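Some notes on the structure that comes next.
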Amino acid sequence: MDKEFIKELIKLVSSSSLTKFKLKTKDLEIKIEKEIPNALATPEVEAKVTQKGEFKSEKLLPPAEDVETPEEKLHVIKSPLVGTFYRAPAPGAPPFVEEGDIVSPGQVLCIIEALKVMNEIESDVKGKVVKILVENGQPVEYGQPLFLIDTNV
């Protein structure tokens with residue numbers, strides 16, 4: 001095995017979804033392992049070694065913030081099913097609601113088409129439509145936020 005072959009193996013493993021790779025021949029064994037970064041993990045502990053050989057560690061934590069963002073005060077209307085989001089009852093018709101409209105419980109906000117069935121999505125609260133989070137005609141997933149409603153009106 002030459003260096004180019006080993007370099008190519010490393011490139012292939014790096015660009016693939018593999019986390020471990022092992023190649024064993026009668027006279028050679030190659031192991032390649034890569035760490036998967038965990039975006040949801042807590043910050044790592046940074047370790048330092050002092051001159052006396054003592055182990056010191058410092059925990060790095062992000063600063064705590066108790067600031068409440070405006071989105072935390074808003075009610076989120078989520079998609080109850082997978083399908084296609086429509087703001088209006090028909091092409092060319094006015095949308096059910098616009099940003100800034102006041103809605104009541106039971107008022108239709110949009111339609112989600114699933115398996116050629118049009119499902120009306122209704123508001124479950126009274127409030128002001130602050131933001132429409134999905135574009136007309138876009139696919140939506142189950143539980144995907146569709147609208148932000150300010151209930152403090």
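Numbering starts fresh at 1 for the residues of each chain in the structure tokens, the chains themselves are lettered A, B, ... in the order given, and ligands are numbered from 1 as they appear.
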
Contacts of Cys110 of chain A at 9 Å (only C-alpha atoms; same-chain gap of 6+ positions) as a list of chain:residue names
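In the requested format, the answer is A:Phe85, A:Tyr86, A:Arg87, A:Ala88, A:Pro89, A:Pro95, A:Phe96, A:Val97, A:Asn119, A:Glu120, A:Ile121, A:Glu122.
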
Could you please take those selected residues and save N, CA and C atoms as a CSV table (one decimal), in the first residue's frame?
```csv
chain,number,residue,atom,x,y,z
A,85,PHE,N,-49.1,23.6,2.7
A,85,PHE,CA,-49.7,24.8,3.3
A,85,PHE,C,-50.3,25.8,2.3
A,86,TYR,N,-51.6,26.2,2.5
A,86,TYR,CA,-52.2,27.2,1.7
A,86,TYR,C,-52.9,28.2,2.5
A,87,ARG,N,-52.6,29.5,2.2
A,87,ARG,CA,-53.2,30.6,3.0
A,87,ARG,C,-54.6,31.0,2.6
A,88,ALA,N,-55.0,30.6,1.4
A,88,ALA,CA,-56.3,30.9,0.9
A,88,ALA,C,-57.2,29.7,0.5
A,89,PRO,N,-58.5,29.8,0.4
A,89,PRO,CA,-59.4,28.7,0.1
A,89,PRO,C,-59.2,28.2,-1.3
A,95,PRO,N,-56.4,35.6,1.2
A,95,PRO,CA,-56.0,34.7,2.3
A,95,PRO,C,-56.9,34.8,3.5
A,96,PHE,N,-56.9,33.7,4.2
A,96,PHE,CA,-57.8,33.6,5.4
A,96,PHE,C,-57.4,34.7,6.4
A,97,VAL,N,-56.1,34.9,6.6
A,97,VAL,CA,-55.6,35.9,7.6
A,97,VAL,C,-54.3,36.5,7.0
A,119,ASN,N,-57.6,20.2,4.7
A,119,ASN,CA,-57.8,20.3,6.1
A,119,ASN,C,-57.7,21.7,6.6
A,120,GLU,N,-58.8,22.2,7.2
A,120,GLU,CA,-58.8,23.6,7.7
A,120,GLU,C,-58.1,23.6,9.0
A,121,ILE,N,-57.2,24.5,9.2
A,121,ILE,CA,-56.5,24.7,10.5
A,121,ILE,C,-57.1,25.9,11.1
A,122,GLU,N,-57.6,25.8,12.3
A,122,GLU,CA,-58.3,26.8,13.1
A,122,GLU,C,-57.4,27.3,14.2
```

Report as a PyMOL selection string all protein, DNA and RNA residues lying within 10 Å of Tyr142 of chain A, evaluated on only C-alpha atoms, omitting residues in the same chain fewer than 4 positions from it.
chain A and resi 78-83

Pairwise distance for atom CA of Leu109 of chain A and atom CA of Thr151 of chain A, rounded to one decimal in Å:
15.2 Å

Might you pull out every residue within 9 Å of segment 5-18 of chain A, with only C-alpha atoms counted and same-chain residues fewer than 3 positions away left off, and present them as an mmCIF file with C-alpha atoms, in the first residue's frame?
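Resulting contents of out_7.cif:
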```cif
data_model
loop_
_atom_site.group_PDB
_atom_site.id
_atom_site.type_symbol
_atom_site.label_atom_id
_atom_site.label_comp_id
_atom_site.auth_asym_id
_atom_site.auth_seq_id
_atom_site.Cartn_x
_atom_site.Cartn_y
_atom_site.Cartn_z
ATOM 1 C CA MET A 1 0.000 0.000 0.000
ATOM 2 C CA ASP A 2 1.322 3.391 -0.900
ATOM 3 C CA PHE A 21 -13.217 2.204 9.278
ATOM 4 C CA ILE A 30 -5.389 0.500 9.228
ATOM 5 C CA ILE A 32 -9.642 5.301 10.947
ATOM 6 C CA GLU A 33 -12.027 6.791 13.492
ATOM 7 C CA LYS A 34 -13.605 10.217 13.469
#
```
